[in-house]
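input14.txt, holding compact mmCIF, C-alpha atoms:
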# COMPACT_ATOMS: atom_id res chain seq x y z
CA MET F 1 35.72 0.69 -40.86
CA LYS F 2 33.84 -1.95 -42.81
CA PRO F 3 30.34 -0.92 -43.89
CA VAL F 4 27.43 -2.69 -42.20
CA ILE F 5 24.97 -4.34 -44.57
CA GLY F 6 21.47 -5.05 -43.26
CA ILE F 7 19.80 -8.18 -44.67
CA ASN F 8 16.13 -8.89 -44.06
CA GLY F 9 15.29 -12.34 -42.75
CA ASP F 10 12.54 -14.70 -43.88
CA VAL F 11 9.76 -15.80 -41.52
CA LYS F 12 8.85 -19.47 -41.20
CA CYS F 13 6.63 -21.45 -38.85
CA ASP F 14 7.85 -25.02 -38.32
CA PRO F 15 6.42 -25.41 -35.72
CA GLU F 16 7.41 -22.18 -33.96
CA LEU F 17 7.58 -18.82 -35.69
CA ALA F 18 11.21 -18.06 -36.56
CA VAL F 19 13.26 -15.52 -38.48
CA ARG F 20 15.76 -17.18 -40.83
CA LEU F 21 18.51 -16.05 -43.16
CA LYS F 22 20.41 -18.34 -45.49
CA CYS F 23 24.15 -18.24 -44.90
CA ASN F 24 24.92 -17.65 -48.58
CA TYR F 25 23.73 -14.03 -48.20
CA ILE F 26 25.93 -13.59 -45.14
CA ASP F 27 28.96 -15.20 -46.78
CA ALA F 28 28.59 -13.10 -49.95
CA VAL F 29 28.60 -9.87 -47.95
CA ARG F 30 31.64 -10.96 -45.94
CA ARG F 31 33.60 -11.93 -49.06
CA ALA F 32 32.76 -8.53 -50.55
CA GLY F 33 34.24 -6.74 -47.52
CA GLY F 34 31.10 -5.87 -45.57
CA VAL F 35 29.73 -6.80 -42.16
CA PRO F 36 26.31 -8.51 -42.43
CA ILE F 37 23.58 -8.00 -39.88
CA VAL F 38 20.12 -9.56 -39.88
CA LEU F 39 17.09 -7.26 -39.92
CA PRO F 40 14.40 -9.31 -38.14
CA ALA F 41 10.78 -9.10 -39.20
CA GLY F 42 9.49 -7.43 -36.07
CA SER F 43 7.32 -4.35 -35.82
CA PRO F 44 7.37 -1.97 -38.80
CA GLU F 45 7.90 0.77 -36.22
CA ASP F 46 11.43 -0.60 -35.71
CA VAL F 47 12.44 0.09 -39.32
CA PRO F 48 13.81 3.65 -38.91
CA TYR F 49 15.94 2.63 -35.93
CA LEU F 50 17.32 -0.38 -37.79
CA LEU F 51 18.18 1.65 -40.88
CA ASP F 52 19.97 4.25 -38.76
CA ARG F 53 22.42 1.51 -37.82
CA VAL F 54 23.30 0.12 -41.27
CA ASP F 55 25.02 1.55 -44.34
CA ALA F 56 23.15 -0.43 -47.01
CA VAL F 57 20.37 -3.01 -47.30
CA ILE F 58 19.85 -6.28 -49.14
CA LEU F 59 16.24 -7.28 -49.73
CA THR F 60 16.26 -11.07 -50.00
CA GLY F 61 14.29 -13.70 -51.88
CA GLY F 62 11.31 -15.58 -50.54
CA GLY F 63 7.63 -16.28 -51.13
CA ASP F 64 5.12 -14.29 -53.16
CA ILE F 65 3.62 -10.90 -52.37
CA ASP F 66 -0.01 -10.79 -51.30
CA VAL F 67 -1.44 -8.27 -53.77
CA ARG F 68 -5.04 -8.45 -52.53
CA SER F 69 -4.54 -5.24 -50.56
CA LEU F 70 -3.94 -3.59 -53.95
CA GLY F 71 -7.29 -4.81 -55.24
CA ILE F 72 -5.79 -7.67 -57.28
CA ASP F 73 -7.00 -11.27 -57.07
CA LEU F 74 -4.40 -13.93 -56.34
CA HIS F 75 -3.34 -16.40 -58.99
CA PRO F 76 -3.90 -20.05 -57.93
CA THR F 77 -0.16 -20.79 -58.07
CA VAL F 78 0.80 -18.08 -55.57
CA GLU F 79 2.76 -19.20 -52.50
CA LEU F 80 2.43 -16.29 -50.12
CA MET F 81 5.17 -15.10 -47.83
CA ASN F 82 4.35 -14.96 -44.12
CA PRO F 83 2.11 -11.91 -43.47
CA ARG F 84 4.38 -10.75 -40.67
CA ARG F 85 7.27 -10.64 -43.13
CA GLN F 86 5.20 -8.86 -45.77
CA GLN F 87 4.15 -6.12 -43.36
CA PHE F 88 7.73 -5.59 -42.22
CA ASP F 89 9.30 -5.86 -45.68
CA TRP F 90 6.81 -3.41 -47.19
CA THR F 91 7.68 -0.78 -44.59
CA LEU F 92 11.39 -1.57 -44.87
CA THR F 93 11.37 -1.23 -48.66
CA GLN F 94 9.46 2.06 -48.54
CA ALA F 95 11.95 3.47 -46.06
CA VAL F 96 14.98 2.25 -48.03
CA LEU F 97 13.70 3.83 -51.24
CA GLU F 98 13.07 7.11 -49.44
CA ARG F 99 16.57 7.26 -47.95
CA PRO F 100 19.81 8.06 -49.80
CA MET F 101 21.26 4.65 -49.01
CA PRO F 102 22.49 1.84 -51.30
CA ALA F 103 20.26 -1.19 -51.73
CA LEU F 104 20.20 -4.49 -53.60
CA GLY F 105 16.94 -6.36 -54.23
CA ILE F 106 17.20 -10.07 -55.01
CA CYS F 107 14.30 -11.97 -56.64
CA LEU F 108 11.40 -11.25 -54.24
CA GLY F 109 13.40 -8.22 -53.06
CA MET F 110 13.37 -6.79 -56.58
CA GLN F 111 9.64 -7.52 -56.90
CA MET F 112 8.97 -5.81 -53.57
CA MET F 113 10.91 -2.75 -54.74
CA ALA F 114 8.81 -2.65 -57.90
CA VAL F 115 5.41 -3.07 -56.24
CA VAL F 116 6.12 -0.61 -53.42
CA ALA F 117 7.21 1.97 -56.02
CA GLY F 118 4.06 1.47 -58.08
CA GLY F 119 5.07 -1.24 -60.55
CA LYS F 120 3.01 -4.28 -61.55
CA LEU F 121 3.68 -8.02 -61.36
CA HIS F 122 3.12 -11.01 -63.59
CA GLN F 123 1.79 -13.39 -60.94
CA HIS F 124 2.65 -16.48 -63.00
CA LEU F 125 5.04 -16.15 -65.92
CA PRO F 126 3.92 -19.32 -67.79
CA GLU F 127 0.49 -17.71 -68.21
CA ALA F 128 1.64 -14.16 -68.86
CA GLY F 129 1.51 -14.45 -72.64
CA ILE F 130 5.27 -14.12 -73.02
CA LYS F 131 6.57 -15.43 -76.33
CA LYS F 132 9.29 -18.09 -76.50
CA GLY F 133 8.93 -18.69 -72.78
CA LEU F 134 11.63 -20.43 -70.81
CA ASN F 135 11.59 -22.01 -67.37
CA HIS F 136 12.56 -19.30 -64.90
CA ARG F 137 12.99 -21.89 -62.17
CA GLU F 138 16.13 -23.00 -64.02
CA ASN F 139 19.39 -21.23 -64.82
CA HIS F 140 19.35 -19.22 -68.04
CA ASP F 141 21.07 -16.40 -69.91
CA VAL F 142 20.41 -12.70 -69.29
CA GLU F 143 21.40 -9.84 -71.59
CA LEU F 144 22.47 -6.53 -70.02
CA SER F 145 21.98 -3.03 -71.38
CA VAL F 146 25.43 -1.77 -72.34
CA ASN F 147 24.96 1.70 -70.81
CA SER F 148 23.73 0.41 -67.46
CA ARG F 149 25.39 0.45 -64.05
CA LEU F 150 25.00 -3.33 -63.90
CA HIS F 151 26.89 -3.76 -67.17
CA SER F 152 29.74 -1.63 -65.85
CA ILE F 153 29.84 -3.75 -62.69
CA LEU F 154 29.90 -7.10 -64.48
CA GLY F 155 31.81 -6.03 -67.58
CA ARG F 156 29.81 -8.34 -69.83
CA LYS F 157 26.78 -8.03 -72.08
CA LYS F 158 25.51 -11.57 -71.50
CA ILE F 159 25.65 -13.65 -68.32
CA ASN F 160 24.22 -16.96 -67.12
CA VAL F 161 22.30 -16.69 -63.85
CA VAL F 162 20.97 -18.89 -61.07
CA SER F 163 17.22 -18.49 -61.33
CA HIS F 164 14.26 -19.73 -59.30
CA HIS F 165 11.04 -17.73 -59.66
CA HIS F 166 7.62 -17.99 -61.29
CA GLN F 167 6.62 -14.34 -60.98
CA GLY F 168 8.13 -11.31 -62.65
CA ILE F 169 7.75 -7.59 -63.12
CA ALA F 170 5.23 -6.64 -65.77
CA ALA F 171 6.08 -2.94 -65.77
CA PRO F 172 8.91 -1.24 -63.87
CA PRO F 173 7.97 1.91 -61.92
CA GLU F 174 9.26 5.30 -62.98
CA LEU F 175 11.89 5.25 -60.24
CA PHE F 176 13.81 2.54 -62.09
CA SER F 177 15.35 1.97 -65.48
CA ALA F 178 15.24 -1.53 -66.98
CA CYS F 179 18.75 -2.84 -67.55
CA ALA F 180 18.54 -6.60 -68.25
CA TYR F 181 16.19 -9.06 -69.92
CA ALA F 182 15.88 -12.81 -70.35
CA PRO F 183 15.68 -14.22 -73.90
CA ASP F 184 11.88 -14.45 -73.59
CA GLY F 185 11.57 -10.74 -72.75
CA VAL F 186 11.10 -11.08 -68.99
CA LEU F 187 12.63 -8.15 -67.10
CA GLU F 188 15.61 -9.49 -65.14
CA ALA F 189 17.13 -6.36 -63.59
CA PHE F 190 16.53 -2.67 -63.03
CA GLU F 191 18.40 0.17 -61.37
CA ALA F 192 17.56 3.57 -59.98
CA THR F 193 18.17 6.48 -62.31
CA GLY F 194 20.97 8.85 -61.38
CA ASP F 195 24.06 8.13 -59.30
CA ARG F 196 22.42 6.28 -56.42
CA PHE F 197 23.15 2.54 -56.10
CA VAL F 198 19.74 0.87 -55.95
CA VAL F 199 19.70 -2.29 -58.07
CA GLY F 200 17.19 -5.11 -58.39
CA VAL F 201 18.04 -8.49 -59.92
CA GLN F 202 15.50 -11.23 -60.54
CA TRP F 203 18.09 -13.97 -60.18
CA HIS F 204 20.02 -15.26 -57.14
CA PRO F 205 23.69 -14.19 -57.26
CA GLU F 206 24.19 -15.40 -53.69
CA ARG F 207 23.52 -18.99 -54.80
CA ASP F 208 26.56 -18.99 -57.07
CA PRO F 209 29.18 -18.15 -54.42
CA ASP F 210 32.32 -19.00 -56.39
CA SER F 211 31.58 -16.86 -59.45
CA GLU F 212 33.26 -13.53 -60.13
CA GLN F 213 29.84 -12.26 -61.15
CA THR F 214 28.48 -12.82 -57.65
CA LEU F 215 31.45 -11.16 -55.96
CA ALA F 216 31.24 -8.17 -58.32
CA ILE F 217 27.60 -7.45 -57.49
CA PHE F 218 28.06 -7.68 -53.73
CA ARG F 219 31.35 -5.80 -53.86
CA ALA F 220 29.64 -2.98 -55.77
CA LEU F 221 27.01 -2.75 -53.02
CA VAL F 222 29.64 -2.74 -50.28
CA ASP F 223 31.71 -0.11 -52.11
CA ALA F 224 28.64 2.09 -52.49
CA ALA F 225 27.91 1.66 -48.78
CA ARG F 226 31.48 2.63 -47.92
CA LYS F 227 31.22 5.81 -49.98
CA SER F 228 27.89 6.75 -48.42
CA LYS F 229 29.12 6.42 -44.81

Will you turn the file into structure tokens for me?
Amino acid sequence: MKPVIGINGDVKCDPELAVRLKCNYIDAVRRAGGVPIVLPAGSPEDVPYLLDRVDAVILTGGGDIDVRSLGIDLHPTVELMNPRRQQFDWTLTQAVLERPMPALGICLGMQMMAVVAGGKLHQHLPEAGIKKGLNHRENHDVELSVNSRLHSILGRKKINVVSHHHQGIAAPPELFSACAYAPDGVLEAFEATGDRFVVGVQWHPERDPDSEQTLAIFRALVDAARKSK
């Protein structure tokens, strides 16, 4: 049987509150051999029941995390995600990291993994004091660590990625090992230590649907989900 991949939806209000998921996530999972299913931002109490019904999870991109609950003031450029989504996603991410299930965090999804696990964010990269800064809202190169899981998946040391973010991870939590950086030193990917497939990428592989790179990342997730069934 094909593994079922849960994908969390975004929450928008225009004018009615709605859960949305871009089709490029769905299409990427289907091309990789999985069956996508939307995890709606409902009550956090639903999370265990939802995870019991999927074999792996993709944490998608979106707005910025509200870090005020962590005692951190917001940067003026922050564009917060819907609070209903943040409450659900926080609980979902905690539960995913506690379970022995494969997971892929994309952009905001990677940042949520980091913050939930105790990492810290740069709230606005242009003001983070990073040398030789580049525009992370535009496509750019990323260099992979040669001994990483991600390098073995992609088979290349340097890739060009579809990028659209203004925040980044200042320090990865102990749960993860850094495995890719942008030319300006911004962390672009990390992965869980050990054999478990938990990978976070700061770029958007789903937005480059025709590339072998995109298919390889999603196929690796689906294969890990198949093995964990």

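Using all atoms listed in the file, the nearest neighbour of Arg99 of chain F within the list F:Arg196, F:Lys2, F:His204, F:His166 is F:Arg196.
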
For Trp203 of chain F, list every protein, DNA or RNA residue within 7 Å, evaluated using all atoms listed in the file, and leave out those in the same chain fewer than 6 positions away; present the list as a ChimeraX atom specification. /F:106-107,161-164

Taking (13.2, -8.1, -56.3) as a centre in this file's frame and 8 Å as the limit, can you find every polymer residue with an atom that close, using only C-alpha atoms, and give them as a PyMOL selection string? chain F and resi 59-61+105-114+200-202

Can you spit out the residues from that selection as a PDB file, in the coordinates of the input, using C-alpha atoms?
ATOM      1  CA  LEU F  59      16.240  -7.280 -49.730  1.00  0.00           C
ATOM      2  CA  THR F  60      16.260 -11.070 -50.000  1.00  0.00           C
ATOM      3  CA  GLY F  61      14.290 -13.700 -51.880  1.00  0.00           C
ATOM      4  CA  GLY F 105      16.940  -6.360 -54.230  1.00  0.00           C
ATOM      5  CA  ILE F 106      17.200 -10.070 -55.010  1.00  0.00           C
ATOM      6  CA  CYS F 107      14.300 -11.970 -56.640  1.00  0.00           C
ATOM      7  CA  LEU F 108      11.400 -11.250 -54.240  1.00  0.00           C
ATOM      8  CA  GLY F 109      13.400  -8.220 -53.060  1.00  0.00           C
ATOM      9  CA  MET F 110      13.370  -6.790 -56.580  1.00  0.00           C
ATOM     10  CA  GLN F 111       9.640  -7.520 -56.900  1.00  0.00           C
ATOM     11  CA  MET F 112       8.970  -5.810 -53.570  1.00  0.00           C
ATOM     12  CA  MET F 113      10.910  -2.750 -54.740  1.00  0.00           C
ATOM     13  CA  ALA F 114       8.810  -2.650 -57.900  1.00  0.00           C
ATOM     14  CA  GLY F 200      17.190  -5.110 -58.390  1.00  0.00           C
ATOM     15  CA  VAL F 201      18.040  -8.490 -59.920  1.00  0.00           C
ATOM     16  CA  GLN F 202      15.500 -11.230 -60.540  1.00  0.00           C
TER      17      GLN F 202
END

Which residue, F:Gly9, F:Gly168, F:Pro173, F:Gly119, has the smallest gap to Leu187 of chain F when you use only C-alpha atoms? F:Gly168

Provide the atom CA of Val78 of chain F to atom CA of Leu144 of chain F distance in Å, to one decimal place. 28.5 Å

Taking only C-alpha atoms into account, name the residue in F:Leu80, F:Leu175, F:Val47, F:Val115 that is nearest to Glu191 of chain F. F:Leu175

Can you pull out the residues contacting His124 of chain F? Cut-off 8 Å, using all atoms listed in the file, and skip same-chain residues under 2 positions away; I want them as an NGL selection string. :F and (75 or 77-78 or 122 or 126-128 or 166-168)

Return as JSON the centre and edge lengths, in Å with one decimal, of the box along x, y and z that encloses every atom of segment 156-166 of chain F in the file, padded by 4 Å per side.
{"center_x": 18.7, "center_y": -13.9, "center_z": -65.7, "size_x": 30.2, "size_y": 19.7, "size_z": 20.8}

Give me segment 201-221 of chain F with N, CA and C atoms filled in, as a CSV table (one decimal), in the coordinates of the input.
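Listing of rebuild37.csv after writing:
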chain,number,residue,atom,x,y,z
F,201,VAL,N,17.8,-7.4,-59.0
F,201,VAL,CA,18.0,-8.5,-59.9
F,201,VAL,C,17.0,-9.6,-59.6
F,202,GLN,N,16.5,-10.2,-60.7
F,202,GLN,CA,15.5,-11.2,-60.5
F,202,GLN,C,16.1,-12.6,-60.2
F,203,TRP,N,17.4,-12.7,-60.4
F,203,TRP,CA,18.1,-14.0,-60.2
F,203,TRP,C,18.7,-14.0,-58.8
F,204,HIS,N,19.4,-15.1,-58.5
F,204,HIS,CA,20.0,-15.3,-57.1
F,204,HIS,C,21.5,-15.3,-57.2
F,205,PRO,N,22.2,-14.2,-57.2
F,205,PRO,CA,23.7,-14.2,-57.3
F,205,PRO,C,24.3,-14.9,-56.0
F,206,GLU,N,23.6,-14.8,-54.9
F,206,GLU,CA,24.2,-15.4,-53.7
F,206,GLU,C,24.3,-16.9,-53.8
F,207,ARG,N,23.5,-17.5,-54.7
F,207,ARG,CA,23.5,-19.0,-54.8
F,207,ARG,C,24.6,-19.5,-55.7
F,208,ASP,N,25.4,-18.6,-56.2
F,208,ASP,CA,26.6,-19.0,-57.1
F,208,ASP,C,27.8,-18.4,-56.4
F,209,PRO,N,28.2,-18.9,-55.2
F,209,PRO,CA,29.2,-18.2,-54.4
F,209,PRO,C,30.6,-18.1,-55.0
F,210,ASP,N,30.9,-19.0,-55.9
F,210,ASP,CA,32.3,-19.0,-56.4
F,210,ASP,C,32.5,-18.2,-57.7
F,211,SER,N,31.4,-17.6,-58.2
F,211,SER,CA,31.6,-16.9,-59.4
F,211,SER,C,32.1,-15.4,-59.2
F,212,GLU,N,32.8,-14.9,-60.2
F,212,GLU,CA,33.3,-13.5,-60.1
F,212,GLU,C,32.1,-12.6,-60.3
F,213,GLN,N,31.1,-13.1,-61.0
F,213,GLN,CA,29.8,-12.3,-61.2
F,213,GLN,C,29.2,-12.0,-59.8
F,214,THR,N,29.1,-13.0,-59.0
F,214,THR,CA,28.5,-12.8,-57.6
F,214,THR,C,29.3,-11.8,-56.8
F,215,LEU,N,30.6,-12.0,-56.8
F,215,LEU,CA,31.4,-11.2,-56.0
F,215,LEU,C,31.4,-9.7,-56.5
F,216,ALA,N,31.3,-9.5,-57.8
F,216,ALA,CA,31.2,-8.2,-58.3
F,216,ALA,C,30.0,-7.4,-57.9
F,217,ILE,N,28.9,-8.1,-57.9
F,217,ILE,CA,27.6,-7.4,-57.5
F,217,ILE,C,27.6,-7.1,-56.0
F,218,PHE,N,28.0,-8.0,-55.2
F,218,PHE,CA,28.1,-7.7,-53.7
F,218,PHE,C,29.2,-6.7,-53.4
F,219,ARG,N,30.3,-6.8,-54.1
F,219,ARG,CA,31.4,-5.8,-53.9
F,219,ARG,C,30.9,-4.4,-54.3
F,220,ALA,N,30.1,-4.3,-55.3
F,220,ALA,CA,29.6,-3.0,-55.8
F,220,ALA,C,28.7,-2.4,-54.7
F,221,LEU,N,27.9,-3.2,-54.1
F,221,LEU,CA,27.0,-2.8,-53.0
F,221,LEU,C,27.8,-2.3,-51.8
